[in-house]
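The structure appears below as structure tokens.
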Protein chains: 2
Amino acid sequence: MTRPPANVGDPVSAVDTPALIVDLAAMERNMEKMAEFAKRNNVRLRPHAKPHKCAMVARRQLALGAVGVCCQKVSEAEIMVAAGVTDVLVSNEIVGEAKVARLAALARQAKISALVDHSDMVEAYSAAAERFGSTISVLVELHSGGIRAGVHSPQAALELARLIDKAPGLTFGGLQAYRGHAQHIRPFEDRREASEKWCAKVAETRDHLEQNGFPCESITGVGTGTCEFEATSGVYNEIQVGSYAFMDVEYGLNRDVGDVLVSNFENSLFVVSAVMSSNVPEFAVIDAGTKAMNVDKEMPWVWKWPGLSYVGNADEHGAIEISPEANPVKLGEHLWLVPGHVDPTIGLFDWMVGVRDGVVESVWSISARGALS
Amino acid sequence: MTRPPANVGDPVSAVDTPALIVDLAAMERNMEKMAEFAKRNNVRLRPHAKPHKCAMVARRQLALGAVGVCCQKVSEAEIMVAAGVTDVLVSNEIVGEAKVARLAALARQAKISALVDHSDMVEAYSAAAERFGSTISVLVELHSGGIRAGVHSPQAALELARLIDKAPGLTFGGLQAYRGHAQHIRPFEDRREASEKWCAKVAETRDHLEQNGFPCESITGVGTGTCEFEATSGVYNEIQVGSYAFMDVEYGLNRDVGDVLVSNFENSLFVVSAVMSSNVPEFAVIDAGTKAMNVDKEMPWVWKWPGLSYVGNADEHGAIEISPEANPVKLGEHLWLVPGHVDPTIGLFDWMVGVRDGVVESVWSISARGALS
């Protein structure tokens with residue numbers, strides 16, 4: 001682990017670059033708004049910890065109304081449980097004897113749920129739970145299109161629910177129905193339509209399970225981009241939103257096309273970077289490139305500096321184009337960037353620097369950074 | 001830092017996924033070939049540590065003929081020096097009082113060089129070197145096109161050389177002339193032509209400096225994609241190649257178009273990943289996505305499994321398309337992937353698992369992972 005880029009009490013201008021900065025007040029407002037939205041729609045809020053991988057952020061989410069968190073990896077869940085989180089849904093299929101053993105052992109320490117989409121997984125989870133004397137809540141994942149995990153029919157879901165129900169050490173926990181590729185469908189009306197079709201499919205599977213004696217304790221899924229539709233559909237009783245706490249360029253584009261709920265969320269997460277070369281007025285080079293920001297979908301935005309655009313990335317450098325109308329940029333100047341895609345950006349850093357009113361209030365370890373297994 | 005994905009002595013099949021694996025024999029053959037190439041062309045080999053960020057890999061490079069390493073960040077250099085590397089070129093401009101202080105302090109512990117492209121940097125480096133009683137070797141960076149750092153003319157280079165020469169605590173170290181965007185020009189003949197033009201420009205600046213009393217101790221630059229031309233040009237006396245030790249999909253494409261030198265290097269670096277969903281014969285989902293592999297330029301290749309293609313990435317998942325002729329893929333099966341781009345992939349992991357003859361021989365900490373400042 002590297003040296004923290006700031007000390008508590010530092011002015012924000014003293015943060016060493018590049019660094020990940022969170023505007024604590026904006027993040028907390030986002031969390032409160034989502035908690036209120038969930039309450040109003042009578043769904044449980046189980047934020048996804050995969051974007052932030054930070055136990056301190058998870059604890060803040062729990063303090064502000066979340067019932068637990070989601071993780072994507074067993075190793076993430078281990079770290080969250082070690083930090084005091086008592087209810088974790090690993091929203092993924094777990095394959096491999098060592099990993100399943102860790103999952104089952106962790107279920108001795110906290111309420112642990114995980115997904116299956118194949119009978120082999122039910123067998124493996126059950127054997128491990130018996131070995132460790134634990135109970136795992138097991139949800140069946142519903143395939144949502146494309147090359148993704150999940151079962152392809154209500155019948156297949158029922159078959160797995162039956163197996164889970166009979167398997168020692170397991171309880172049937174319901175349905176996982178997350179439609180990742182719908183989160184960024186633009187325009188707005190297309191996203192609404194896609195979400196409605198998907199909700200009908202989820203409801204069909206839910207009904208088939210219920211009619212056959214397997215009511216779903218949880219019907220869980222829903223991302224920041226679809227919560228406006230899915231969370232209000234009456235089909236789900238739990239939402240797994242993650243990006244809402246921070247926002248990013250991708251979700252900013254959703255906001256631009258009329259998403260009412262997403263428009264309430266503020267950008268709270270930034271990569272702060274310094275100008276390290278500025279020999280001509282038309283461009284500058286900054287010290288944040290591919291190793292400090294994911295750019296596979298959208299380039300970052302330069303925050304509150306009209307006329308500056310991040311137009312290219314090298315591994316350690318960012319290329320900034322400067323329009324003639326922009327305020328000039330000096331060597332050493334700090335630029336704040338809104339990351340293109342929050343999830344794979346946060347995990348590039350060891351530390352998340354929390355700022356309030358221009359002063360560093362927290363330097364949190366991104367405790368599950370690198371937890372890939 | 002996370003738990004290592006393997007133990008020394010484990011069979012390779014026991015490595016927890018996703019994990020970064022290096023074929024040690026292939027990596028060593030690559031290192032030996034490049035050392036031999038450098039010797040034959042009478043250039044010093046100073047491999048770049050920015051792709052691997054791993055002190056143990058750097059030490060292997062030094063043992064096999066390198067004179068020192070390059071780093072891109074002061075924090076990387078600190079970690080390399082702490083691991084026993086005694087000669088580091090930070091091939092970057094260093095801006096900001098705290099960073100420059102660390103650079104100057106490090107120059108008490110090892111031979112440290114760094115770049116400038118502006119007179120303010122010369123002043124800052126000199127003040128810090130005086131403060132710490134150290135000497136920094138300072139090279140002038142030559143702009144190589146696009147939005148990149150560097151001076152734009154031989155005259156500007158000379159002006160900075162004069163300032164460096166007069167500045168207390170600094171010595172003029174020569175020219176940095178790395179042309180990053182030429183590394184992947186394809187086809188081959190276009191890359192040759194681009195390299196020849198660039199070498200002529202470097203030579204012009206070198207001559208201008210020399211004629212004015214500033215001979216260059218080092219003319220350094222050159223990547224794996226251009227070393228066939230630049231290292232043999234007579235202009236350079238030092239090469240900063242990095243990817244040659246591992247190779248990746250991008251350099252594989254260079255190889256495909258007739259690059260004779262690059263064709264000698266073997267893929268030694270892999271991300272090993274497990275199949276975690278396999279409900280239909282046409283596709284499978286694996287446990288390595290954007291958080292385990294950089295995909296901003298090229299998708300990974302599936303290694304030695306004809307008919308399997310990595311066609312899409314989610315944060316934690318990879319989409320594998322399976323052609324009808326391919327050998328079938330089972331749940332839990334390990335796939336080895338050649339990363340699209342080696343540099344931003346390695347830093348996603350905490351550990352590099354070294355394998356020889358199917359057995360884990362080393363589990364190296366990627367010691368400068370997360371060292372971004």
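Each chain in the structure tokens gets a letter, A, B, ..., in the order shown, and its residues are numbered from 1; ligands are numbered from 1 in order too.
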Polymer residues at most 10 Å from B:Gly354, only C-alpha atoms, same-chain spacing of 3 or more positions, as a short mmCIF file (atom, residue, chain, number, x, y, z; two decimals) with all heavy atoms, in the first residue's frame:
data_model
loop_
_atom_site.label_atom_id
_atom_site.label_comp_id
_atom_site.auth_asym_id
_atom_site.auth_seq_id
_atom_site.Cartn_x
_atom_site.Cartn_y
_atom_site.Cartn_z
N ALA B 6 -1.89 -17.66 -4.67
CA ALA B 6 -1.25 -18.97 -4.79
C ALA B 6 -0.13 -19.06 -3.76
O ALA B 6 0.32 -18.05 -3.21
CB ALA B 6 -0.67 -19.16 -6.19
N VAL B 8 3.82 -20.79 -3.19
CA VAL B 8 4.96 -21.40 -3.88
C VAL B 8 4.85 -22.91 -3.75
O VAL B 8 4.57 -23.42 -2.66
CB VAL B 8 6.29 -20.86 -3.29
CG1 VAL B 8 7.48 -21.68 -3.79
CG2 VAL B 8 6.46 -19.38 -3.64
N VAL B 12 -0.07 -25.06 -11.04
CA VAL B 12 -0.66 -23.84 -11.60
C VAL B 12 -2.19 -23.92 -11.60
O VAL B 12 -2.87 -22.89 -11.50
CB VAL B 12 -0.06 -23.55 -12.99
CG1 VAL B 12 -0.48 -24.60 -14.00
CG2 VAL B 12 -0.45 -22.17 -13.46
N LEU B 20 -2.78 -12.85 -12.02
CA LEU B 20 -1.77 -12.49 -13.02
C LEU B 20 -0.66 -13.52 -12.94
O LEU B 20 -0.08 -13.73 -11.86
CB LEU B 20 -1.23 -11.11 -12.68
CG LEU B 20 -0.45 -10.39 -13.75
CD1 LEU B 20 -1.36 -10.00 -14.90
CD2 LEU B 20 0.19 -9.13 -13.15
N ILE B 21 -0.38 -14.16 -14.07
CA ILE B 21 0.62 -15.22 -14.10
C ILE B 21 1.73 -14.84 -15.07
O ILE B 21 1.46 -14.36 -16.17
CB ILE B 21 -0.02 -16.56 -14.53
CG1 ILE B 21 -0.86 -17.10 -13.37
CG2 ILE B 21 1.02 -17.56 -14.98
CD1 ILE B 21 -1.33 -18.52 -13.56
N VAL B 22 2.97 -15.04 -14.64
CA VAL B 22 4.08 -14.84 -15.57
C VAL B 22 4.79 -16.17 -15.77
O VAL B 22 5.07 -16.89 -14.80
CB VAL B 22 5.03 -13.71 -15.11
CG1 VAL B 22 5.70 -14.03 -13.79
CG2 VAL B 22 6.05 -13.38 -16.19
N ASP B 23 5.01 -16.51 -17.03
CA ASP B 23 5.79 -17.69 -17.39
C ASP B 23 7.26 -17.27 -17.26
O ASP B 23 7.80 -16.55 -18.10
CB ASP B 23 5.43 -18.07 -18.83
CG ASP B 23 6.28 -19.20 -19.39
OD1 ASP B 23 7.39 -19.45 -18.87
OD2 ASP B 23 5.84 -19.82 -20.38
N LEU B 24 7.89 -17.69 -16.17
CA LEU B 24 9.22 -17.16 -15.83
C LEU B 24 10.26 -17.46 -16.90
O LEU B 24 11.09 -16.61 -17.24
CB LEU B 24 9.67 -17.74 -14.48
CG LEU B 24 8.87 -17.24 -13.27
CD1 LEU B 24 9.17 -18.11 -12.05
CD2 LEU B 24 9.16 -15.78 -12.97
N ALA B 25 10.22 -18.67 -17.45
CA ALA B 25 11.23 -19.03 -18.46
C ALA B 25 11.07 -18.15 -19.70
O ALA B 25 12.06 -17.66 -20.26
CB ALA B 25 11.10 -20.51 -18.82
N MET B 27 9.70 -15.13 -19.81
CA MET B 27 10.12 -13.77 -19.44
C MET B 27 11.64 -13.65 -19.45
O MET B 27 12.20 -12.67 -19.97
CB MET B 27 9.55 -13.41 -18.06
CG MET B 27 9.92 -12.01 -17.60
SD MET B 27 9.45 -11.70 -15.86
CE MET B 27 10.84 -12.51 -15.02
N SER B 268 4.64 -13.83 -22.23
CA SER B 268 5.01 -14.44 -20.94
C SER B 268 4.01 -14.08 -19.85
O SER B 268 4.08 -14.62 -18.76
CB SER B 268 6.41 -13.97 -20.52
OG SER B 268 6.38 -12.60 -20.15
N LEU B 269 3.09 -13.17 -20.17
CA LEU B 269 2.18 -12.66 -19.14
C LEU B 269 0.72 -12.99 -19.48
O LEU B 269 0.28 -12.76 -20.61
CB LEU B 269 2.31 -11.15 -19.01
CG LEU B 269 1.59 -10.59 -17.80
CD1 LEU B 269 2.50 -10.66 -16.57
CD2 LEU B 269 1.12 -9.18 -18.04
N TRP B 351 -0.51 -9.04 -6.90
CA TRP B 351 0.47 -10.13 -6.95
C TRP B 351 0.71 -10.60 -8.37
O TRP B 351 -0.21 -10.66 -9.18
CB TRP B 351 -0.03 -11.34 -6.13
CG TRP B 351 -0.36 -11.01 -4.72
CD1 TRP B 351 -1.60 -10.75 -4.22
CD2 TRP B 351 0.56 -10.86 -3.63
NE1 TRP B 351 -1.51 -10.47 -2.87
CE2 TRP B 351 -0.20 -10.53 -2.48
CE3 TRP B 351 1.95 -10.99 -3.51
CZ2 TRP B 351 0.39 -10.31 -1.24
CZ3 TRP B 351 2.52 -10.78 -2.27
CH2 TRP B 351 1.75 -10.44 -1.15
N GLY B 358 4.83 -25.56 -14.90
CA GLY B 358 3.53 -25.90 -14.31
C GLY B 358 3.46 -25.77 -12.80
O GLY B 358 2.43 -26.10 -12.19
N VAL B 359 4.53 -25.28 -12.19
CA VAL B 359 4.55 -25.15 -10.72
C VAL B 359 4.80 -23.69 -10.35
O VAL B 359 5.58 -22.99 -10.99
CB VAL B 359 5.66 -26.05 -10.12
CG1 VAL B 359 5.78 -25.84 -8.61
CG2 VAL B 359 5.39 -27.50 -10.46
N VAL B 360 4.11 -23.21 -9.31
CA VAL B 360 4.32 -21.84 -8.84
C VAL B 360 5.70 -21.75 -8.17
O VAL B 360 5.98 -22.45 -7.19
CB VAL B 360 3.21 -21.44 -7.84
CG1 VAL B 360 3.50 -20.05 -7.24
CG2 VAL B 360 1.85 -21.45 -8.53
N GLU B 361 6.54 -20.87 -8.73
CA GLU B 361 7.90 -20.71 -8.19
C GLU B 361 8.03 -19.43 -7.36
O GLU B 361 8.88 -19.32 -6.48
CB GLU B 361 8.90 -20.68 -9.36
CG GLU B 361 10.33 -20.47 -8.93
CD GLU B 361 11.29 -20.47 -10.11
OE1 GLU B 361 11.31 -21.47 -10.85
OE2 GLU B 361 12.02 -19.46 -10.29
N SER B 362 7.20 -18.43 -7.69
CA SER B 362 7.32 -17.15 -6.98
C SER B 362 5.94 -16.50 -6.90
O SER B 362 5.10 -16.69 -7.78
CB SER B 362 8.27 -16.21 -7.73
OG SER B 362 7.83 -16.01 -9.06
N VAL B 363 5.71 -15.76 -5.84
CA VAL B 363 4.51 -14.92 -5.72
C VAL B 363 5.02 -13.54 -5.34
O VAL B 363 5.29 -13.24 -4.18
CB VAL B 363 3.52 -15.47 -4.67
CG1 VAL B 363 2.24 -14.63 -4.66
CG2 VAL B 363 3.18 -16.93 -4.96
N TRP B 364 5.23 -12.72 -6.36
CA TRP B 364 5.84 -11.41 -6.16
C TRP B 364 4.78 -10.36 -5.88
O TRP B 364 3.77 -10.28 -6.59
CB TRP B 364 6.61 -10.98 -7.41
CG TRP B 364 7.86 -11.77 -7.65
CD1 TRP B 364 8.65 -12.39 -6.73
CD2 TRP B 364 8.48 -12.02 -8.93
NE1 TRP B 364 9.72 -13.01 -7.35
CE2 TRP B 364 9.63 -12.80 -8.68
CE3 TRP B 364 8.18 -11.66 -10.23
CZ2 TRP B 364 10.48 -13.22 -9.71
CZ3 TRP B 364 9.02 -12.08 -11.26
CH2 TRP B 364 10.16 -12.85 -11.00
#
Residues of chain A within 8 Å of chain B: nearest atom pair and distance (Å, one decimal) for each, counting only C-alpha atoms, sorted by chain and number, as a tab-separated table?
residue	atom	partner	partner_atom	distance
A:Met1	CA	B:Met1	CA	6.5
A:Thr2	CA	B:Ala371	CA	6.0
A:Asp16	CA	B:Ser373	CA	6.8
A:Thr17	CA	B:Ser373	CA	5.6
A:Pro18	CA	B:Ser373	CA	5.9
A:Gln72	CA	B:Glu316	CA	7.4
A:Glu93	CA	B:Met276	CA	6.3
A:Ile94	CA	B:Met276	CA	6.9
A:Val95	CA	B:Met276	CA	5.7
A:Gly96	CA	B:Gly332	CA	6.0
A:Ala98	CA	B:Asp16	CA	7.8
A:Lys99	CA	B:Asp16	CA	8.0
A:Asp117	CA	B:Ser277	CA	7.2
A:His118	CA	B:Asn279	CA	7.5
A:Ile147	CA	B:Ala319	CA	5.5
A:Arg148	CA	B:Val285	CA	6.1
A:Ala149	CA	B:Ser277	CA	5.3
A:Gly150	CA	B:Ser277	CA	7.5
A:Val151	CA	B:Asn279	CA	7.3
A:Ala274	CA	B:Val95	CA	7.8
A:Val275	CA	B:Val95	CA	7.8
A:Met276	CA	B:Val95	CA	5.7
A:Ser277	CA	B:Ala149	CA	5.3
A:Ser278	CA	B:Ala149	CA	7.5
A:Asn279	CA	B:Val151	CA	7.3
A:Phe283	CA	B:Ile147	CA	6.4
A:Ala284	CA	B:Ile147	CA	6.9
A:Val285	CA	B:Arg148	CA	6.1
A:Thr290	CA	B:Pro344	CA	6.7
A:Lys291	CA	B:Pro344	CA	5.7
A:Ala292	CA	B:Leu372	CA	7.3
A:Val295	CA	B:Asp296	CA	6.6
A:Asp296	CA	B:Asp296	CA	4.5
A:Lys297	CA	B:Asp296	CA	8.0
A:Asp315	CA	B:Pro344	CA	6.7
A:Glu316	CA	B:Gln72	CA	7.4
A:Ala319	CA	B:Ile147	CA	5.5
A:Ile320	CA	B:Ile147	CA	7.4
A:Leu331	CA	B:Val95	CA	7.6
A:Gly332	CA	B:Val95	CA	5.8
A:Asp343	CA	B:Asp315	CA	7.3
A:Pro344	CA	B:Lys291	CA	5.7
A:Gly347	CA	B:Lys291	CA	7.7
A:Leu348	CA	B:Gly370	CA	6.5
A:Phe349	CA	B:Gly370	CA	5.7
A:Asp350	CA	B:Gly370	CA	6.2
A:Ala368	CA	B:Thr2	CA	7.9
A:Arg369	CA	B:Met1	CA	7.8
A:Gly370	CA	B:Phe349	CA	5.8
A:Ala371	CA	B:Thr2	CA	6.0
A:Leu372	CA	B:Pro18	CA	6.5
A:Ser373	CA	B:Thr17	CA	5.6
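Between A:Asn7 and the candidates A:Ala129, A:Leu139, A:Val353, A:Ala326, the tightest atom-to-atom separation, counting only C-alpha atoms, involves A:Val353.
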Pick out each residue of stretch 32-239 of chain B that DSSP on the backbone tags as alpha helix (DSSP H); I need them as a PyMOL selection string. chain B and resi 32-40+55-63+74-82+97-106+119-132+154-166+188-211+227-230
Could you give me, as a PyMOL selection string, each residue of stretch 134-338 of chain B that DSSP assigns to strand (DSSP E or B) when run on this structure's backbone? chain B and resi 136-142+151+170-177+218-221+238-239+269-280+283-286+301-302+308-313+318-322+334-338
Restrict the selected residues to C-alpha atoms and save them as a JSON list (two decimals), in the first residue's frame.
[["chain", "number", "residue", "atom", "x", "y", "z"],
["B", 136, "ILE", "CA", 19.97, 15.28, -9.76],
["B", 137, "SER", "CA", 20.86, 14.44, -13.34],
["B", 138, "VAL", "CA", 18.42, 16.38, -15.51],
["B", 139, "LEU", "CA", 17.49, 15.55, -19.08],
["B", 140, "VAL", "CA", 15.58, 17.77, -21.45],
["B", 141, "GLU", "CA", 12.54, 16.15, -23.00],
["B", 142, "LEU", "CA", 11.98, 16.62, -26.71],
["B", 151, "VAL", "CA", 10.35, 21.26, -25.75],
["B", 170, "LEU", "CA", 21.89, 19.67, -11.06],
["B", 171, "THR", "CA", 23.93, 18.15, -13.88],
["B", 172, "PHE", "CA", 22.88, 18.13, -17.51],
["B", 173, "GLY", "CA", 22.14, 14.51, -18.37],
["B", 174, "GLY", "CA", 21.17, 14.71, -22.03],
["B", 175, "LEU", "CA", 18.00, 14.20, -24.04],
["B", 176, "GLN", "CA", 14.81, 12.25, -23.43],
["B", 177, "ALA", "CA", 13.31, 11.39, -26.81],
["B", 218, "SER", "CA", 22.42, 10.11, -22.57],
["B", 219, "ILE", "CA", 20.17, 10.12, -25.55],
["B", 220, "THR", "CA", 17.43, 7.93, -24.26],
["B", 221, "GLY", "CA", 13.97, 6.81, -25.30],
["B", 238, "GLU", "CA", 20.11, 4.09, -24.22],
["B", 239, "ILE", "CA", 16.79, 2.30, -24.65],
["B", 269, "LEU", "CA", 2.18, -12.66, -19.14],
["B", 270, "PHE", "CA", -1.36, -13.93, -18.69],
["B", 271, "VAL", "CA", -4.50, -13.31, -16.72],
["B", 272, "VAL", "CA", -5.86, -16.66, -15.64],
["B", 273, "SER", "CA", -9.61, -16.66, -15.26],
["B", 274, "ALA", "CA", -12.31, -19.24, -14.48],
["B", 275, "VAL", "CA", -15.56, -19.99, -16.28],
["B", 276, "MET", "CA", -18.34, -19.04, -13.86],
["B", 277, "SER", "CA", -21.39, -19.48, -16.05],
["B", 278, "SER", "CA", -21.88, -21.82, -18.95],
["B", 279, "ASN", "CA", -25.55, -22.44, -19.60],
["B", 280, "VAL", "CA", -25.51, -22.45, -23.41],
["B", 283, "PHE", "CA", -20.98, -18.62, -24.88],
["B", 284, "ALA", "CA", -19.48, -18.62, -21.41],
["B", 285, "VAL", "CA", -18.93, -16.00, -18.75],
["B", 286, "ILE", "CA", -15.55, -15.77, -17.02],
["B", 301, "TRP", "CA", -6.80, -13.08, -26.59],
["B", 302, "VAL", "CA", -7.73, -16.48, -25.27],
["B", 308, "LEU", "CA", -12.78, -19.06, -28.07],
["B", 309, "SER", "CA", -12.95, -15.24, -28.26],
["B", 310, "TYR", "CA", -13.17, -12.64, -25.53],
["B", 311, "VAL", "CA", -15.83, -10.39, -27.03],
["B", 312, "GLY", "CA", -17.08, -8.20, -24.22],
["B", 313, "ASN", "CA", -16.24, -6.92, -20.78],
["B", 318, "GLY", "CA", -15.73, -11.39, -19.43],
["B", 319, "ALA", "CA", -17.91, -12.60, -22.30],
["B", 320, "ILE", "CA", -16.49, -15.56, -24.19],
["B", 321, "GLU", "CA", -17.89, -16.55, -27.56],
["B", 322, "ILE", "CA", -17.45, -20.20, -28.42],
["B", 334, "HIS", "CA", -9.39, -21.99, -16.33],
["B", 335, "LEU", "CA", -8.79, -19.85, -19.40],
["B", 336, "TRP", "CA", -5.48, -18.05, -19.91],
["B", 337, "LEU", "CA", -5.79, -14.61, -21.48],
["B", 338, "VAL", "CA", -3.14, -12.47, -23.14]]
Within 9 Å of A:Asn42, counting only C-alpha atoms, which residues show up once you throw out same-chain ones fewer than 6 positions away? Write them as a PyMOL selection string, please. chain A and resi 231-232+234+237-238
Deliver the residues from the most recent selection as a file, using N, CA, C and O atoms, as a compact mmCIF listing (two decimals), in the first residue's frame.
# COMPACT_ATOMS: atom_id res chain seq x y z
N ALA A 231 -37.61 0.24 -9.64
CA ALA A 231 -37.92 0.31 -8.20
C ALA A 231 -39.36 0.71 -7.97
O ALA A 231 -39.92 0.46 -6.90
N THR A 232 -39.97 1.33 -8.95
CA THR A 232 -41.37 1.77 -8.80
C THR A 232 -42.34 0.79 -9.46
O THR A 232 -43.54 1.04 -9.52
N GLY A 234 -43.19 -2.27 -8.62
CA GLY A 234 -43.90 -3.22 -7.77
C GLY A 234 -43.36 -4.63 -7.87
O GLY A 234 -43.77 -5.52 -7.13
N ASN A 237 -38.40 -5.91 -4.54
CA ASN A 237 -38.47 -5.42 -3.16
C ASN A 237 -37.10 -5.01 -2.62
O ASN A 237 -36.96 -4.70 -1.45
N GLU A 238 -36.10 -5.00 -3.50
CA GLU A 238 -34.75 -4.62 -3.06
C GLU A 238 -33.99 -4.04 -4.25
O GLU A 238 -34.13 -4.54 -5.36
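Going from atom CA of A:Cys216 to atom CA of A:Leu115 covers 13.6 Å.
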Which residues are close to A:Lys33, i.e. within 9 Å by only C-alpha atoms, leaving aside same-chain residues fewer than 4 positions away? Reply as a PyMOL selection string. chain A and resi 28-29+37-38+264-265
